[in-house]
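This is model08.cif. It holds mmCIF, C-alpha atoms.
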data_entry
loop_
_atom_site.label_atom_id
_atom_site.label_comp_id
_atom_site.auth_asym_id
_atom_site.auth_seq_id
_atom_site.Cartn_x
_atom_site.Cartn_y
_atom_site.Cartn_z
CA MET A 1 -81.77 86.19 115.72
CA THR A 2 -79.31 88.70 114.27
CA ILE A 3 -76.20 89.71 116.24
CA ARG A 4 -73.63 92.34 115.32
CA GLY A 5 -69.98 91.98 116.29
CA ASP A 6 -67.74 89.05 117.22
CA LEU A 7 -67.63 89.72 120.96
CA GLU A 8 -71.40 90.13 121.19
CA LEU A 9 -71.85 86.85 119.33
CA LEU A 10 -69.58 85.00 121.74
CA ALA A 11 -71.29 86.53 124.76
CA ARG A 12 -74.74 85.49 123.55
CA THR A 13 -73.86 82.02 122.25
CA GLU A 14 -71.36 80.80 124.83
CA HIS A 15 -73.88 78.24 126.07
CA LEU A 16 -74.11 76.73 122.56
CA PHE A 17 -70.37 76.11 122.32
CA SER A 18 -70.36 74.36 125.68
CA SER A 19 -73.48 72.27 125.06
CA VAL A 20 -72.33 70.15 122.09
CA ARG A 21 -73.72 66.63 122.48
CA GLU A 22 -73.32 64.91 119.11
CA GLU A 23 -71.50 66.95 116.49
CA PHE A 24 -69.77 70.29 116.01
CA ILE A 25 -69.31 71.45 112.41
CA CYS A 26 -67.36 74.47 111.20
CA ALA A 27 -66.78 75.62 107.61
CA ALA A 28 -64.51 78.62 107.04
CA ARG A 29 -62.15 80.19 104.53
CA ASP A 30 -59.20 80.15 106.95
CA LEU A 31 -58.33 80.26 110.64
CA ASN A 32 -58.52 84.05 110.89
CA THR A 33 -62.25 84.41 110.30
CA TRP A 34 -62.66 86.27 113.60
CA PRO A 35 -61.30 89.79 112.90
CA ASP A 36 -61.30 90.94 116.53
CA PRO A 37 -58.11 89.61 118.23
CA GLY A 38 -59.90 89.18 121.55
CA ALA A 39 -62.72 87.25 119.92
CA ARG A 40 -60.25 85.11 117.98
CA GLN A 41 -58.48 84.09 121.18
CA ALA A 42 -61.74 83.50 123.00
CA VAL A 43 -63.30 81.36 120.31
CA ARG A 44 -60.21 79.15 120.05
CA GLY A 45 -60.52 78.51 123.77
CA ARG A 46 -64.19 77.59 123.45
CA MET A 47 -64.05 75.38 120.39
CA PRO A 48 -64.74 71.81 121.49
CA THR A 49 -61.71 69.57 120.99
CA GLY A 50 -62.65 66.30 122.64
CA GLY A 51 -65.37 64.33 124.33
CA THR A 52 -67.76 61.82 122.78
CA HIS A 53 -69.08 64.17 120.08
CA ARG A 54 -67.77 64.38 116.53
CA ILE A 55 -65.90 67.45 115.29
CA ARG A 56 -65.65 68.30 111.59
CA LYS A 57 -63.83 71.30 110.14
CA LEU A 58 -63.92 72.20 106.45
CA LEU A 59 -61.52 74.88 105.22
CA SER A 60 -60.33 76.49 102.01
CA PRO A 61 -56.82 75.69 100.70
CA ALA A 62 -55.79 79.18 101.86
CA ALA A 63 -55.93 77.89 105.45
CA LEU A 64 -52.71 75.94 104.77
CA ALA A 65 -50.71 78.84 103.38
CA ASP A 66 -48.71 79.38 106.59
CA GLU A 67 -46.94 76.93 108.86
CA GLY A 68 -48.76 77.99 112.03
CA SER A 69 -52.15 77.17 110.54
CA ARG A 70 -50.93 73.82 109.21
CA ASP A 71 -49.55 72.90 112.62
CA HIS A 72 -52.77 73.95 114.37
CA LEU A 73 -54.96 71.89 112.04
CA SER A 74 -52.66 68.89 112.29
CA GLU A 75 -52.86 69.18 116.07
CA LEU A 76 -56.66 69.24 115.92
CA ALA A 77 -56.66 66.17 113.68
CA GLY A 78 -54.33 64.45 116.12
CA MET A 79 -56.86 65.11 118.89
CA GLY A 80 -59.58 63.35 116.93
CA ALA A 81 -61.15 66.12 114.85
CA HIS A 82 -61.99 65.36 111.22
CA VAL A 83 -60.40 68.04 109.02
CA ARG A 84 -60.87 68.34 105.28
CA ILE A 85 -59.75 70.89 102.70
CA ALA A 86 -62.31 72.05 100.15
CA ALA A 87 -61.56 72.08 96.44
CA THR A 88 -62.21 75.83 96.19
CA ALA A 89 -62.38 78.87 98.46
CA LEU A 90 -65.30 78.89 100.90
CA PRO A 91 -67.43 81.93 101.74
CA HIS A 92 -68.01 83.29 105.24
CA GLU A 93 -67.88 81.10 108.30
CA THR A 94 -70.69 78.69 109.16
CA ILE A 95 -71.09 76.71 112.38
CA ILE A 96 -73.62 73.94 112.95
CA ILE A 97 -74.14 72.36 116.38
CA ASP A 98 -75.94 69.03 116.74
CA ARG A 99 -78.04 69.89 113.67
CA ARG A 100 -80.07 72.02 116.10
CA PHE A 101 -78.34 75.39 115.79
CA ALA A 102 -76.64 77.18 112.92
CA ILE A 103 -74.51 80.33 113.07
CA LEU A 104 -74.01 82.09 109.74
CA ALA A 105 -71.43 84.88 109.44
CA GLY A 106 -71.84 87.89 107.20
CA ALA A 107 -69.17 89.95 105.49
CA ASN A 108 -66.74 92.12 107.43
CA ALA A 109 -68.08 95.63 108.06
CA PRO A 110 -66.79 98.75 109.87
CA GLY A 111 -69.31 98.24 112.69
CA GLY A 112 -68.59 94.54 112.98
CA ARG A 113 -69.95 91.54 111.14
CA GLU A 114 -73.56 90.51 111.40
CA TYR A 115 -74.38 86.93 112.39
CA THR A 116 -77.59 85.00 112.01
CA VAL A 117 -78.24 82.44 114.72
CA THR A 118 -81.10 80.11 113.93
CA THR A 119 -82.82 77.02 115.28
CA ALA A 120 -85.34 76.82 112.42
CA PRO A 121 -85.25 73.14 111.35
CA THR A 122 -85.69 73.90 107.65
CA LEU A 123 -82.86 76.45 107.56
CA VAL A 124 -80.52 74.40 109.73
CA GLY A 125 -81.24 71.33 107.60
CA SER A 126 -80.56 73.20 104.37
CA VAL A 127 -77.25 74.58 105.63
CA HIS A 128 -76.27 71.13 106.85
CA ALA A 129 -77.07 69.60 103.45
CA LEU A 130 -74.87 72.18 101.71
CA PHE A 131 -72.06 71.42 104.13
CA GLU A 132 -72.36 67.69 103.47
CA ALA A 133 -72.16 68.24 99.71
CA ALA A 134 -68.96 70.26 100.10
CA TRP A 135 -67.57 67.77 102.63
CA GLU A 136 -68.00 64.83 100.27
CA THR A 137 -65.87 66.49 97.57
CA ALA A 138 -63.19 67.74 99.98
CA THR A 139 -59.84 66.09 100.70
CA ASP A 140 -58.70 64.78 104.07
CA LEU A 141 -56.07 67.06 105.63
CA LYS A 142 -53.30 64.46 105.71
CA ALA A 143 -53.89 63.45 102.10
CA PHE A 144 -53.96 67.09 101.02
CA LEU A 145 -50.67 67.83 102.77
CA ARG A 146 -49.08 64.85 101.04
CA GLY A 147 -50.08 66.35 97.70
CA GLU A 148 -48.57 69.25 95.81
CA GLN A 149 -50.10 72.19 97.67
CA PRO A 150 -47.41 74.90 97.50
CA GLN A 151 -46.43 76.54 100.78
CA LEU A 152 -45.85 80.24 100.26
CA ASP A 153 -44.13 82.49 102.78
CA ALA A 154 -45.38 86.01 103.48
CA GLU A 155 -43.01 87.61 100.97
CA SER A 156 -44.05 85.21 98.21
CA ARG A 157 -47.71 85.99 98.85
CA THR A 158 -46.90 89.72 98.62
CA VAL A 159 -45.14 89.17 95.30
CA LEU A 160 -48.15 87.17 94.12
CA ARG A 161 -50.42 90.11 94.84
CA THR A 162 -48.23 92.46 92.83
CA LEU A 163 -48.53 90.16 89.82
CA GLY A 164 -52.26 90.77 89.80
CA SER A 165 -51.97 94.51 90.30
CA GLY A 166 -50.73 95.28 86.80
CA ALA A 167 -47.68 97.11 88.13
CA THR A 168 -44.44 96.98 86.16
CA ASP A 169 -41.54 95.02 87.62
CA GLU A 170 -39.73 98.26 88.42
CA THR A 171 -42.75 99.70 90.27
CA ALA A 172 -43.47 96.45 92.15
CA ALA A 173 -39.83 96.06 93.21
CA ARG A 174 -39.76 99.64 94.49
CA GLN A 175 -43.03 99.15 96.43
CA LEU A 176 -41.67 96.00 98.06
CA GLY A 177 -38.27 97.51 98.83
CA MET A 178 -36.44 95.01 96.64
CA SER A 179 -33.93 95.38 93.89
CA LEU A 180 -35.29 94.66 90.42
CA ARG A 181 -33.06 91.58 90.21
CA THR A 182 -34.35 90.21 93.54
CA TYR A 183 -37.97 90.85 92.57
CA ARG A 184 -37.60 89.01 89.27
CA ARG A 185 -35.88 86.14 91.05
CA ARG A 186 -38.79 85.88 93.51
CA VAL A 187 -41.26 85.94 90.62
CA ALA A 188 -39.37 83.08 88.95
CA GLU A 189 -39.40 81.10 92.21
CA LEU A 190 -43.14 81.75 92.54
CA LEU A 191 -43.83 80.51 89.01
CA ASP A 192 -41.86 77.38 89.78
CA ALA A 193 -43.70 76.78 93.08
CA LEU A 194 -47.06 77.14 91.33
CA ASP A 195 -45.97 75.06 88.34
CA ALA A 196 -46.97 77.95 86.08
CA GLY A 197 -45.48 78.78 82.69
CA SER A 198 -46.44 82.46 82.83
CA ARG A 199 -47.45 85.14 85.28
CA PHE A 200 -51.04 84.86 84.08
CA GLN A 201 -51.03 81.11 84.73
CA ALA A 202 -49.58 81.76 88.19
CA GLY A 203 -52.58 83.96 89.02
CA VAL A 204 -55.01 81.33 87.76
CA ARG A 205 -53.23 78.58 89.67
CA ALA A 206 -53.17 80.63 92.86
CA GLY A 207 -56.89 81.28 92.52
CA GLU A 208 -57.59 77.57 92.11
CA LEU A 209 -55.66 76.84 95.29
CA GLY A 210 -57.24 79.67 97.26
CA LEU A 211 -53.87 81.42 97.68
CA SER A 212 -54.67 84.69 95.93
CA GLY A 213 -56.72 86.27 98.73
#
Using structure tokens, write down the structure that the file contains.
Amino acid sequence: MTIRGDLELLARTEHLFSSVREEFICAARDLNTWPDPGARQAVRGRMPTGGTHRIRKLLSPAALADEGSRDHLSELAGMGAHVRIAATALPHETIIIDRRFAILAGANAPGGREYTVTTAPTLVGSVHALFEAAWETATDLKAFLRGEQPQLDAESRTVLRTLGSGATDETAARQLGMSLRTYRRRVAELLDALDAGSRFQAGVRAGELGLSG
């Protein structure tokens, strides 16, 4: 079954979210995979957070780039969910319920994303196998947070994007409303946070950590 739009998906699959018996699995790039604000709020309210079933969430490193997301994931883990961070950026969101249903999200589009909802055992099994392979190589949330994942504020992430744009320092500083001195200081701080010896290395390092999106 193909569904277009976040709100339509939630309306037509509400019974699936409330019928989890054994395991709820979610793989996503970050916590903002639902573009529609109403859908985002609704889905957070419907995500199972307790009970006798198992909950596993697999996310890209980009999901930890802001404090709110880190706090939310830590809260989920504290409630019993198993949260891991993948080694690289993940594609569009995937949800698997009890190995009976799979919801696969497409790319963002002006008319809303398309979703495929399937109960076909072969397809669900294949998606589940891919998830398990990624899960096995991922790092537990607590262990990842104890590591050296840099935490970048919004301004640092904006500066990071300008480094990949090819703009001169003068142009980038003007676009960001900074003095040239302040911009260069922020670039130096960014290089230090990413343990990079050059601006090129900073871009590579950010890509590895899923922070360049």
*asked:* Could you check the closest approach to Asp71 in chain A for each of A:Leu141, A:Ser19, A:Thr168, A:Pro91 and tell me which residue wins, using only C-alpha atoms?
replied: A:Leu141
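Using the PyMOL selection byres ((chain A and resi 28) around 8) on the file at hand returns these residues: Cys26, Ala27, Arg29, Asp30, Leu31, Thr33, Lys57, Leu58, Leu59, Ser60, Leu90, Pro91, His92, Glu93 and Thr94 of chain A.
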*Where does the PyMOL selection byres ((chain A and resi 106) around 10) land in this file, that is, which residues does it pick, as JSON, numbers by chain?*
{"A": [4, 91, 92, 93, 94, 103, 104, 105, 107, 108, 109, 112, 113, 114, 115, 116]}
_Distance criterion (only C-alpha atoms): nearest to Gly68 in chain A out of A:Thr2, A:Ser179, A:Asn32, A:Ser156_ =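 Ranked by minimum distance to Gly68 in chain A, first place goes to A:Asn32.
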*Could you work out how far CA of Arg199 in chain A lies from CA of Arg181 in chain A, giving the answer in Å with one decimal?*
16.5 Å
*Which residues fall under the PyMOL selection byres ((chain A and resi 55) around 8) in this file, as a ChimeraX atom specification?*
/A:23-25,48-49,53-54,56-57,80-82
*Distance in Å - CA of Tyr183 in chain A versus CA of Ala62 in chain A*: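 Calculated distance between CA of Tyr183 in chain A and CA of Ala62 in chain A is 23.2 Å.
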_From the options A:Glu136, A:Gly111, A:Arg100, A:Lys142, which residue's atoms come nearest to Val83 in chain A, counting all atoms listed in the file?_
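Smallest separation from Val83 in chain A among the options: A:Lys142.
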*Give me, please, the distance in Å between CA of Leu145 in chain A and CA of His72 in chain A, quoted to one decimal.*
13.3 Å
*If you count only C-alpha atoms, which residues fall within 12 Å of Glu170 in chain A, apart from same-chain ones fewer than 4 positions away, as a list in words?*
Thr162, Gly166, Arg174, Gln175, Leu176, Gly177, Met178, Ser179, Leu180, Arg181, Thr182, Tyr183 and Arg184 of chain A
For the selection just defined, write its residues with C-alpha atoms to a file, as a PDB file, in the frame of the given file.
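The file below, part_1.pdb, is the result:
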ATOM      1  CA  THR A 162     -48.230  92.460  92.830  1.00  0.00           C
ATOM      2  CA  GLY A 166     -50.730  95.280  86.800  1.00  0.00           C
ATOM      3  CA  ARG A 174     -39.760  99.640  94.490  1.00  0.00           C
ATOM      4  CA  GLN A 175     -43.030  99.150  96.430  1.00  0.00           C
ATOM      5  CA  LEU A 176     -41.670  96.000  98.060  1.00  0.00           C
ATOM      6  CA  GLY A 177     -38.270  97.510  98.830  1.00  0.00           C
ATOM      7  CA  MET A 178     -36.440  95.010  96.640  1.00  0.00           C
ATOM      8  CA  SER A 179     -33.930  95.380  93.890  1.00  0.00           C
ATOM      9  CA  LEU A 180     -35.290  94.660  90.420  1.00  0.00           C
ATOM     10  CA  ARG A 181     -33.060  91.580  90.210  1.00  0.00           C
ATOM     11  CA  THR A 182     -34.350  90.210  93.540  1.00  0.00           C
ATOM     12  CA  TYR A 183     -37.970  90.850  92.570  1.00  0.00           C
ATOM     13  CA  ARG A 184     -37.600  89.010  89.270  1.00  0.00           C
TER      14      ARG A 184
END
*For each of A:Leu64, A:Ala87, A:Ala134, A:Ile96, take the minimum atom-to-atom distance to Thr118 in chain A, counting all atoms listed in the file, then give the residue where this is smallest.*
A:Ile96
*Between A:Ala154, A:Ala202, A:Val159, A:Ala167, which is the closest to Arg185 in chain A once you count all atoms listed in the file?*
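Under the stated criterion, the closest residue is A:Val159.
Counting all atoms listed in the file, the residue from A:Val20, A:Ile85, A:Leu7, A:Leu191 that sits nearest to Ala143 in chain A is A:Ile85.
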_Can you pull out the residues contacting range 119-122 of chain A? Cut-off 9 Å, using all atoms listed in the file, and skip same-chain residues under 6 positions away; I want them as an MDAnalysis selection string._
chainID A and resid 99:102
